[in-house]
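Colleague: Data file target.cif (mmCIF, C-alpha atoms) is appended below.
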```cif
data_entry
loop_
_atom_site.group_PDB
_atom_site.id
_atom_site.type_symbol
_atom_site.label_atom_id
_atom_site.label_comp_id
_atom_site.auth_asym_id
_atom_site.auth_seq_id
_atom_site.Cartn_x
_atom_site.Cartn_y
_atom_site.Cartn_z
ATOM 1 C CA MET A 11 0.000 0.000 0.000
ATOM 2 C CA ASN A 12 1.223 3.479 -0.874
ATOM 3 C CA ILE A 13 -0.464 6.447 0.791
ATOM 4 C CA THR A 14 0.521 10.041 0.187
ATOM 5 C CA GLN A 15 -0.879 13.267 1.521
ATOM 6 C CA GLU A 16 -0.389 16.751 0.162
ATOM 7 C CA PRO A 17 -0.446 19.734 2.504
ATOM 8 C CA VAL A 18 -3.716 21.672 2.535
ATOM 9 C CA VAL A 19 -5.110 24.657 4.413
ATOM 10 C CA GLN A 20 -8.833 24.765 5.175
ATOM 11 C CA GLY A 21 -11.070 27.479 6.529
ATOM 12 C CA THR A 22 -13.805 29.944 5.684
ATOM 13 C CA ILE A 23 -14.030 33.177 3.730
ATOM 14 C CA THR A 24 -16.358 35.926 4.940
ATOM 15 C CA ASP A 25 -16.741 39.686 4.677
ATOM 16 C CA LEU A 26 -16.598 39.988 0.908
ATOM 17 C CA SER A 27 -17.698 43.201 -0.781
ATOM 18 C CA TYR A 28 -21.415 42.370 -1.061
ATOM 19 C CA ASN A 29 -21.846 41.247 2.542
ATOM 20 C CA THR A 30 -24.578 43.157 4.323
ATOM 21 C CA ALA A 31 -26.872 42.170 7.141
ATOM 22 C CA GLU A 32 -29.250 40.509 4.685
ATOM 23 C CA HIS A 33 -26.601 38.915 2.447
ATOM 24 C CA ASN A 34 -23.928 37.735 4.860
ATOM 25 C CA ARG A 35 -22.257 34.717 3.264
ATOM 26 C CA THR A 36 -19.582 32.337 4.466
ATOM 27 C CA PHE A 37 -17.732 30.117 2.011
ATOM 28 C CA THR A 38 -15.698 27.027 2.834
ATOM 29 C CA TYR A 39 -12.278 26.822 1.209
ATOM 30 C CA THR A 40 -9.466 24.336 0.797
ATOM 31 C CA LEU A 41 -6.077 25.508 -0.418
ATOM 32 C CA GLU A 42 -3.913 22.830 -2.026
ATOM 33 C CA ILE A 43 -0.487 24.294 -1.432
ATOM 34 C CA GLU A 44 1.527 22.127 -3.826
ATOM 35 C CA LYS A 45 -0.964 22.610 -6.675
ATOM 36 C CA ASN A 46 -1.370 26.369 -6.020
ATOM 37 C CA ILE A 47 -5.147 25.952 -6.239
ATOM 38 C CA LEU A 48 -7.747 27.542 -3.978
ATOM 39 C CA HIS A 49 -11.007 25.549 -3.921
ATOM 40 C CA VAL A 50 -14.087 27.456 -2.734
ATOM 41 C CA TYR A 51 -17.323 25.617 -1.965
ATOM 42 C CA ASP A 52 -20.520 27.665 -2.235
ATOM 43 C CA TYR A 53 -23.419 25.837 -0.608
ATOM 44 C CA ASN A 54 -25.493 28.994 -0.118
ATOM 45 C CA LYS A 55 -27.599 28.447 -3.227
ATOM 46 C CA GLU A 56 -28.004 32.191 -3.829
ATOM 47 C CA PRO A 57 -27.327 32.963 -7.504
ATOM 48 C CA GLY A 58 -27.024 36.730 -7.020
ATOM 49 C CA THR A 59 -24.464 36.400 -4.243
ATOM 50 C CA SER A 60 -22.614 33.278 -5.342
ATOM 51 C CA PHE A 61 -18.871 33.101 -4.962
ATOM 52 C CA LYS A 62 -18.402 32.562 -8.700
ATOM 53 C CA SER A 63 -20.038 35.946 -9.349
ATOM 54 C CA LEU A 64 -17.484 37.579 -7.021
ATOM 55 C CA VAL A 65 -14.314 35.662 -7.779
ATOM 56 C CA SER A 66 -12.901 38.170 -10.265
ATOM 57 C CA SER A 67 -13.257 41.056 -7.797
ATOM 58 C CA ALA A 68 -12.184 39.019 -4.743
ATOM 59 C CA SER A 69 -9.253 37.181 -6.336
ATOM 60 C CA TYR A 70 -6.699 39.953 -5.821
ATOM 61 C CA ASP A 71 -7.422 40.183 -2.083
ATOM 62 C CA LEU A 72 -7.405 36.388 -1.683
ATOM 63 C CA VAL A 73 -4.129 35.973 -3.557
ATOM 64 C CA SER A 74 -2.548 38.843 -1.603
ATOM 65 C CA HIS A 75 -3.701 37.433 1.735
ATOM 66 C CA PHE A 76 -2.183 33.986 1.214
ATOM 67 C CA LYS A 77 0.977 35.427 -0.342
ATOM 68 C CA SER A 78 1.628 37.878 2.502
ATOM 69 C CA SER A 79 0.546 35.706 5.445
ATOM 70 C CA ASN A 80 1.973 32.338 4.372
ATOM 71 C CA ASN A 81 4.014 33.023 1.237
ATOM 72 C CA ILE A 82 1.662 30.756 -0.733
ATOM 73 C CA GLN A 83 1.107 31.349 -4.437
ATOM 74 C CA ILE A 84 -2.386 30.870 -5.902
ATOM 75 C CA ASN A 85 -2.699 30.353 -9.667
ATOM 76 C CA LYS A 86 -6.285 29.088 -9.897
ATOM 77 C CA ILE A 87 -9.461 29.477 -7.907
ATOM 78 C CA ILE A 88 -11.982 26.697 -8.489
ATOM 79 C CA CYS A 89 -15.575 27.515 -7.468
ATOM 80 C CA TYR A 90 -17.957 24.668 -6.608
ATOM 81 C CA THR A 91 -21.533 25.996 -6.533
ATOM 82 C CA GLU A 92 -24.534 23.928 -5.498
ATOM 83 C CA SER A 93 -27.769 24.181 -7.431
ATOM 84 C CA THR A 94 -30.518 26.488 -6.175
ATOM 85 C CA ASP A 95 -32.897 23.541 -6.584
ATOM 86 C CA GLU A 96 -32.578 21.498 -3.396
ATOM 87 C CA ASP A 97 -33.816 18.370 -5.175
ATOM 88 C CA VAL A 98 -30.946 18.478 -7.674
ATOM 89 C CA ASN A 99 -27.597 17.027 -6.628
ATOM 90 C CA ILE A 100 -25.442 18.907 -9.152
ATOM 91 C CA LEU A 101 -22.393 21.150 -8.737
ATOM 92 C CA ASP A 102 -21.501 23.910 -11.167
ATOM 93 C CA ILE A 103 -17.703 24.064 -11.308
ATOM 94 C CA GLN A 104 -15.911 27.116 -12.677
ATOM 95 C CA THR A 105 -12.170 27.741 -12.724
ATOM 96 C CA TYR A 106 -10.773 31.257 -12.487
ATOM 97 C CA ASN A 107 -7.178 31.668 -13.675
ATOM 98 C CA VAL A 108 -5.612 34.351 -11.478
ATOM 99 C CA ASN A 109 -2.760 35.086 -13.891
ATOM 100 C CA LEU A 110 -5.034 35.497 -16.941
ATOM 101 C CA GLU A 111 -7.806 37.144 -14.870
ATOM 102 C CA GLU A 112 -10.494 35.108 -16.603
ATOM 103 C CA TYR A 113 -12.412 31.857 -16.373
ATOM 104 C CA THR A 114 -10.671 28.886 -17.937
ATOM 105 C CA GLY A 115 -11.235 25.157 -18.009
ATOM 106 C CA TYR A 116 -10.085 22.599 -15.491
ATOM 107 C CA ILE A 117 -8.808 19.060 -15.695
ATOM 108 C CA ASP A 118 -10.241 16.352 -13.459
ATOM 109 C CA ASP A 119 -6.997 16.018 -11.476
ATOM 110 C CA GLU A 120 -7.347 19.631 -10.315
ATOM 111 C CA LEU A 121 -10.725 19.078 -8.639
ATOM 112 C CA TYR A 122 -10.890 18.567 -4.890
ATOM 113 C CA SER A 123 -12.321 15.085 -4.435
ATOM 114 C CA LEU A 124 -14.136 15.768 -1.154
ATOM 115 C CA TYR A 125 -16.100 18.613 -2.754
ATOM 116 C CA ILE A 126 -17.286 16.556 -5.706
ATOM 117 C CA SER A 127 -17.972 13.250 -3.960
ATOM 118 C CA ASN A 128 -21.603 12.151 -4.268
ATOM 119 C CA LYS A 129 -22.373 15.042 -6.635
ATOM 120 C CA LYS A 130 -22.943 15.222 -10.353
ATOM 121 C CA ILE A 131 -21.050 17.876 -12.265
ATOM 122 C CA GLY A 132 -23.109 20.113 -14.495
ATOM 123 C CA VAL A 133 -23.857 23.676 -15.438
ATOM 124 C CA PHE A 134 -26.924 25.593 -14.322
#
```
Please lay out the structure from this file as structure tokens.
Modeller:
Amino acid sequence: MNITQEPVVQGTITDLSYNTAEHNRTFTYTLEIEKNILHVYDYNKEPGTSFKSLVSSASYDLVSHFKSSNNIQINKIICYTESTDEDVNILDIQTYNVNLEEYTGYIDDELYSLYISNKKIGVF
């Protein structure tokens, strides 16, 4: 048996630009240090305040935070958004390339397995 483990940092992101008393959102994140990928899980099911709608404006602050506090480089931010329909077990996955400042594709090896387990991948 061969078991490996890559270092990760996990936590939550709050206080983004749209947060108000009525739209206070908290997002779960996992940072894969060796892959330079920040995975953000959005289970809030609010299309107008989803993380993927904010990633382009929030990416600079996120990248700066991890760079200055832990000297960790982030090249991609992958957003995992649950469907607004509670009966549908689908995740919308979008990848934001920090260097290009635009959405790009992902390869399956880049996805965080715990976020996609027991979910179908789709677009909504």
Colleague: State, in Å with one decimal place, the distance from atom CA of Leu48 of chain A to atom CA of Leu101 of chain A.
Modeller: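 About the pair atom CA of Leu48 of chain A and atom CA of Leu101 of chain A: they are 16.7 Å apart.
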Colleague: Which distance in Å separates atom CA of Tyr51 of chain A and atom CA of Ser78 of chain A, to one decimal?
Modeller: 23.0 Å
Colleague: Which is closest to Leu121 of chain A among A:Ser63, A:Tyr53, A:Cys89, A:Asn99, if we use all atoms listed in the file?
Modeller: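 Using all atoms listed in the file, the shortest distance to Leu121 of chain A belongs to A:Cys89.
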Colleague: A:Ile103, A:Leu72, A:Ile87, A:Ile131: which is nearest Ile47 of chain A, counting all atoms listed in the file?
Modeller: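 So, comparing all the options, the nearest one is A:Ile87.
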Colleague: In Å to one decimal, how far is atom CA of Leu124 of chain A from atom CA of Glu111 of chain A?
Modeller: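 Those two atoms sit 26.2 Å apart.
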Colleague: Counting all atoms listed in the file, note down every residue that has an atom within 10 Å of the point (-13.3, 18.7, -14.5) (file coordinates), as a PyMOL selection string.
Modeller: chain A and resi 103-105+115-122+126+131-132
Colleague: Would you save the residues of that selection, restricted to C-alpha atoms, as a CSV table (one decimal), in the coordinates of the input?
Modeller:
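So part_19.csv came out as:
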```csv
chain,number,residue,atom,x,y,z
A,103,ILE,CA,-17.7,24.1,-11.3
A,104,GLN,CA,-15.9,27.1,-12.7
A,105,THR,CA,-12.2,27.7,-12.7
A,115,GLY,CA,-11.2,25.2,-18.0
A,116,TYR,CA,-10.1,22.6,-15.5
A,117,ILE,CA,-8.8,19.1,-15.7
A,118,ASP,CA,-10.2,16.4,-13.5
A,119,ASP,CA,-7.0,16.0,-11.5
A,120,GLU,CA,-7.3,19.6,-10.3
A,121,LEU,CA,-10.7,19.1,-8.6
A,122,TYR,CA,-10.9,18.6,-4.9
A,126,ILE,CA,-17.3,16.6,-5.7
A,131,ILE,CA,-21.0,17.9,-12.3
A,132,GLY,CA,-23.1,20.1,-14.5
```
Colleague: In terms of the shortest atom-to-atom distance over all atoms listed in the file, which of A:Ser123, A:Ser60, A:Ser69, A:Asn109 is closest to Glu92 of chain A?
Modeller: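 Closest to Glu92 of chain A, using all atoms listed in the file: A:Ser60.
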Colleague: Show which residues sit within 7 Å of Tyr39 of chain A, as a ChimeraX atom specification. Count only C-alpha atoms, and ignore same-chain residues fewer than 2 positions away.
Modeller: /A:20-22,37,41,48-51
Colleague: Enumerate, as an NGL selection string, the protein, DNA and RNA residues whose atoms approach (-2.1, 34.6, -7.0) to within 12 Å, taking into account only C-alpha atoms and the coordinate frame of the file.
Modeller: :A and (41 or 43 or 46-48 or 66 or 68-78 or 81-87 or 106-111)
